[in-house]
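Data first, discussion second: the structure below is written as structure tokens.
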There are 2 protein chains.
Amino acid sequence: MTKQQLFEQITKKNSYLCVGLDTDIKKIPSHLLKEKDPIFEFNRQIIDATAEYAVAYKPNIAFYEALGAKGWESLQRTIEYIPQECFTIADAKRGDIGNTSGLYARTFFDKSSSGLDFDSVTVAPYMGSDSVMPFLEFEGKWVILLALTSNAGGDDFQQLLIGHKHLFEQVILTSQKWADSERMMYVVGATKADKLQKIREVAPEHFLLVPGVGAQGGSLEEVSKYGMNKQCGLLVNSSRAIIYASSGEDFAQVAAKEAQTIQQEMEKYLQMYL
Amino acid sequence: MTKQQLFEQITKKNSYLCVGLDTDIKKIPSHLLKEKDPIFEFNRQIIDATAEYAVAYKPNIAFYEALGAKGWESLQRTIEYIPQECFTIADAKRGDIGNTSGLYARTFFDKSSSGLDFDSVTVAPYMGSDSVMPFLEFEGKWVILLALTSNAGGDDFQQLLIGHKHLFEQVILTSQKWADSERMMYVVGATKADKLQKIREVAPEHFLLVPGVGAQGGSLEEVSKYGMNKQCGLLVNSSRAIIYASSGEDFAQVAAKEAQTIQQEMEKYLQMYL
């Protein structure tokens, strides 16, 4: 999917919501456990209920991997089920030396190898350029690079000062030599909305994936006010607050309602800040 | 496995060799492709041939993931097959916010969840403490944290100066608050043997996993001279130089010979530097 196509979908749905499919077998409604593939069944109903309000879906790969081979089968069914017009993110936080990152790229982008065909993958920056480039060799696919994360430990290294710049700013600056805003996005934790202005100074054109709204506590208004650019430039993720809004048989309807509430708030901010 | 048990195995085998099971379906001898699970069959023969000379095995998870669910089944068979006395490393370079790293820990350490039961996992440091701690909640399991990697891109961020220290030194210093040398090791690229002295200043007791000897070009003598401590403190990995030493039907015998050559060199260095 191109940047322009993503923006068109945002304006069509009046939404920049990404639904995080962090589907935990221990948390899904118990009536689904009798299904042959409860994880996929849960995702299927969540996708049906929210696709009207969401422009992207982001399965966090850890939740599928933790179930071994069976989990990968659920992931494959899920990614095949997501409507074509939605942007898909493999939240995998991978990164290894060149030839190995090439294999991770095959994992998420080469359906003939792994059965998976995502639009994008999240990548950790620590190993530098040649750990990122192999993902960009797949035409039309995106890298979403970790810049500033919303967890407490994010401060351990990301906020360290390199001269007058924080490490997360240096990551954004250096990585712009590897790809432009048509192929790269950045992960920016929403609990640091005050940092968004700084990030927009060094990356005015890029899409930012903001994972910290909802259970992780970021403010959607602040993120939208300081993070939005002329092509929206934001994908704001919500996982638990939507998918686990109800643990009963009505989980999908309640998820739809939560997603709609967020979409309506986003529609307002698109009018205010776009 | 405890640090003491690992050291005992090193002295028993006179070896600190780790064999990297970077098993690529496109590179294994063609006569294996008729097997039901060619990846496992290749690994089984490599393990049989090298277990006498190796103290550890390190499957790089990318190679298995790239094959989807089928690859995870090959990985599971492989890890079950590795002899109990050998230390096992899931070279996965994972790391995510706390609850998600907890799921990655389940993936590699909780057999009842994923079918896998490794002794250790490699973890990327960028997301800080709470991305690492969940792995340490599994008793007796190890975290092997990326510090200094051997790829060209490693210089992009790891060598940046934070005050008077490089980022990789800061990673080692900060992470020592999370676990001591009984539960944590560091990945240190062998092509930077001159950096080993610096690392031994800040981490004298820790085991170092050195991935860059062989195809990646590090010198085993230099690594041993500057990296060895009183409990050896080194696991030196070789992947392609052993497992792909021959592409014929004799691949396992040739791999054994390569492993033995490295082991004999290591025996010499253990006498010189231990």
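Ordered as shown in the structure tokens, chains take letters A, B, and onward, while each chain numbers its residues from 1 and ligands are numbered from 1 in the order shown.
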With chain B as the partner and 6 Å as the cut-off, tabulate the residues of chain A that qualify, each row holding the nearest pair of atoms and their distance in Å to one decimal, using only C-alpha atoms, sorted by chain and rising number, as CSV.
residue,atom,partner,partner_atom,distance
A:Ala62,CA,B:Tyr104,CA,5.3
A:Glu65,CA,B:Thr107,CA,6.0
A:Ala66,CA,B:Thr107,CA,4.0
A:Leu67,CA,B:Ser114,CA,4.4
A:Gly68,CA,B:Ser114,CA,4.1
A:Ala69,CA,B:Ala69,CA,4.4
A:Trp72,CA,B:Ala69,CA,5.2
A:Ile97,CA,B:Asn151,CA,5.9
A:Leu103,CA,B:Ala62,CA,5.6
A:Tyr104,CA,B:Ala62,CA,5.4
A:Arg106,CA,B:Ala66,CA,5.7
A:Thr107,CA,B:Ala66,CA,4.0
A:Ser113,CA,B:Leu67,CA,5.4
A:Ser114,CA,B:Gly68,CA,4.1
A:Met127,CA,B:Gly154,CA,4.7
A:Gly128,CA,B:Gly153,CA,4.1
A:Ser129,CA,B:Gly153,CA,4.7
A:Asp130,CA,B:Gly153,CA,5.3
A:Asn151,CA,B:Ile97,CA,5.9
A:Gly153,CA,B:Gly128,CA,4.1
A:Gly154,CA,B:Met127,CA,4.7
A:Asp156,CA,B:Gly128,CA,5.3
A:Leu161,CA,B:Ile162,CA,6.0
A:Ile162,CA,B:Ile162,CA,5.3
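The shortest atom-to-atom distance to Gly248 of chain B, with only C-alpha atoms taken into account, belongs to B:Ser30 out of B:Gln84, B:Ser120, B:Ser30, B:Ser181.
Atom pair atom CA of Met266 of chain A / atom CA of Val236 of chain A: separated by 9.5 Å.
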### Message
Quick check for you: according to DSSP on this backbone, which residues of segment 23-269 of chain A are classed as strand (DSSP E)? Reply as an MDAnalysis selection string.
### Response
chainID A and resid 56:59 87:94 120:123 142:148 161:162 165:166 184:188 208:210 234:238
Find the spatial neighbours of Tyr226 of chain A, counting only C-alpha atoms, within a cut-off of 10 Å - ignore same-chain residues fewer than 2 positions away - and output them as a compact mmCIF listing (two decimals) with all heavy atoms, in the first residue's frame.
# COMPACT_ATOMS: atom_id res chain seq x y z
N ALA A 193 3.57 12.73 24.50
CA ALA A 193 3.02 13.65 23.50
C ALA A 193 3.83 14.94 23.44
O ALA A 193 3.93 15.56 22.38
CB ALA A 193 1.56 13.95 23.81
N ASP A 194 4.45 15.32 24.59
CA ASP A 194 5.29 16.52 24.58
C ASP A 194 6.51 16.37 23.67
O ASP A 194 7.06 17.34 23.19
CB ASP A 194 5.75 16.84 26.01
CG ASP A 194 6.52 15.68 26.62
OD1 ASP A 194 6.04 14.53 26.52
OD2 ASP A 194 7.61 15.90 27.19
N LYS A 195 6.89 15.11 23.45
CA LYS A 195 8.04 14.84 22.57
C LYS A 195 7.66 14.88 21.08
O LYS A 195 8.52 14.91 20.22
CB LYS A 195 8.64 13.47 22.88
CG LYS A 195 9.26 13.34 24.27
CD LYS A 195 10.70 13.80 24.21
CE LYS A 195 11.46 13.82 25.52
NZ LYS A 195 10.80 13.52 26.75
N LEU A 196 6.36 14.87 20.81
CA LEU A 196 5.92 14.80 19.42
C LEU A 196 6.38 16.02 18.60
O LEU A 196 6.74 15.90 17.44
CB LEU A 196 4.40 14.69 19.35
CG LEU A 196 3.87 13.26 19.52
CD1 LEU A 196 2.38 13.28 19.82
CD2 LEU A 196 4.14 12.42 18.27
N GLN A 197 6.39 17.17 19.24
CA GLN A 197 6.83 18.37 18.53
C GLN A 197 8.29 18.24 18.08
O GLN A 197 8.64 18.56 16.96
CB GLN A 197 6.69 19.60 19.44
CG GLN A 197 5.25 20.03 19.62
CD GLN A 197 5.13 21.24 20.53
OE1 GLN A 197 5.40 21.13 21.73
NE2 GLN A 197 4.72 22.38 19.98
N LYS A 198 9.10 17.70 18.99
CA LYS A 198 10.50 17.46 18.68
C LYS A 198 10.65 16.51 17.50
O LYS A 198 11.48 16.68 16.63
CB LYS A 198 11.17 16.86 19.92
CG LYS A 198 12.49 17.49 20.23
CD LYS A 198 13.02 17.06 21.57
CE LYS A 198 13.76 18.21 22.22
NZ LYS A 198 14.27 17.90 23.55
N ILE A 199 9.81 15.46 17.52
CA ILE A 199 9.88 14.46 16.45
C ILE A 199 9.42 15.06 15.13
O ILE A 199 10.00 14.81 14.08
CB ILE A 199 9.08 13.20 16.85
CG1 ILE A 199 9.89 12.43 17.91
CG2 ILE A 199 8.77 12.33 15.65
CD1 ILE A 199 9.15 11.30 18.57
N ARG A 200 8.39 15.88 15.18
CA ARG A 200 7.91 16.52 13.94
C ARG A 200 8.94 17.48 13.36
O ARG A 200 8.94 17.72 12.16
CB ARG A 200 6.57 17.21 14.18
CG ARG A 200 5.39 16.24 14.13
CD ARG A 200 5.31 15.55 12.78
NE ARG A 200 4.19 14.61 12.65
CZ ARG A 200 4.24 13.55 11.85
NH1 ARG A 200 5.32 13.28 11.14
NH2 ARG A 200 3.21 12.75 11.76
N GLU A 221 -6.12 13.39 22.14
CA GLU A 221 -6.16 14.78 21.69
C GLU A 221 -4.77 15.38 21.55
O GLU A 221 -4.44 16.02 20.55
CB GLU A 221 -7.01 15.66 22.64
CG GLU A 221 -6.97 17.12 22.17
CD GLU A 221 -8.12 17.97 22.68
OE1 GLU A 221 -8.70 17.60 23.72
OE2 GLU A 221 -8.42 18.99 22.03
N GLU A 222 -3.94 15.14 22.57
CA GLU A 222 -2.59 15.69 22.54
C GLU A 222 -1.80 15.12 21.36
O GLU A 222 -1.10 15.84 20.65
CB GLU A 222 -1.88 15.36 23.86
CG GLU A 222 -0.98 16.49 24.33
CD GLU A 222 -0.45 16.25 25.75
OE1 GLU A 222 -1.15 15.59 26.55
OE2 GLU A 222 0.67 16.68 26.02
N VAL A 223 -1.91 13.81 21.17
CA VAL A 223 -1.22 13.15 20.06
C VAL A 223 -1.65 13.76 18.73
O VAL A 223 -0.83 14.06 17.86
CB VAL A 223 -1.50 11.63 20.08
CG1 VAL A 223 -1.04 10.98 18.78
CG2 VAL A 223 -0.82 10.98 21.27
N SER A 224 -2.95 13.97 18.58
CA SER A 224 -3.48 14.49 17.32
C SER A 224 -3.04 15.93 17.09
O SER A 224 -2.65 16.31 15.99
CB SER A 224 -5.01 14.39 17.32
OG SER A 224 -5.40 13.07 17.61
N MET A 228 -0.18 15.47 14.15
CA MET A 228 -0.77 15.38 12.81
C MET A 228 -0.03 16.27 11.81
O MET A 228 0.39 17.36 12.15
CB MET A 228 -2.25 15.79 12.88
CG MET A 228 -3.07 15.17 11.76
SD MET A 228 -4.84 15.54 11.95
CE MET A 228 -5.35 14.36 13.20
N ASN A 229 0.11 15.74 10.58
CA ASN A 229 0.65 16.59 9.50
C ASN A 229 -0.37 16.66 8.35
O ASN A 229 -1.53 16.23 8.53
CB ASN A 229 2.04 16.08 9.06
CG ASN A 229 1.98 14.69 8.41
OD1 ASN A 229 0.93 14.24 7.96
ND2 ASN A 229 3.12 14.02 8.38
N TYR A 273 -7.33 19.63 13.02
CA TYR A 273 -5.87 19.74 12.88
C TYR A 273 -5.30 19.38 11.51
O TYR A 273 -4.13 19.59 11.26
CB TYR A 273 -5.17 18.88 13.95
CG TYR A 273 -5.59 19.20 15.36
CD1 TYR A 273 -6.20 18.24 16.17
CD2 TYR A 273 -5.38 20.49 15.89
CE1 TYR A 273 -6.57 18.53 17.48
CE2 TYR A 273 -5.77 20.80 17.19
CZ TYR A 273 -6.36 19.81 17.98
OH TYR A 273 -6.74 20.11 19.25
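Counting from atom CA of Arg44 of chain B, the distance to atom CA of Ala256 of chain B is 12.7 Å.
With distances restricted to only C-alpha atoms, B:Phe7 is the closest residue to Cys232 of chain B from B:Phe87, B:Phe7, B:Phe251, B:Tyr57.
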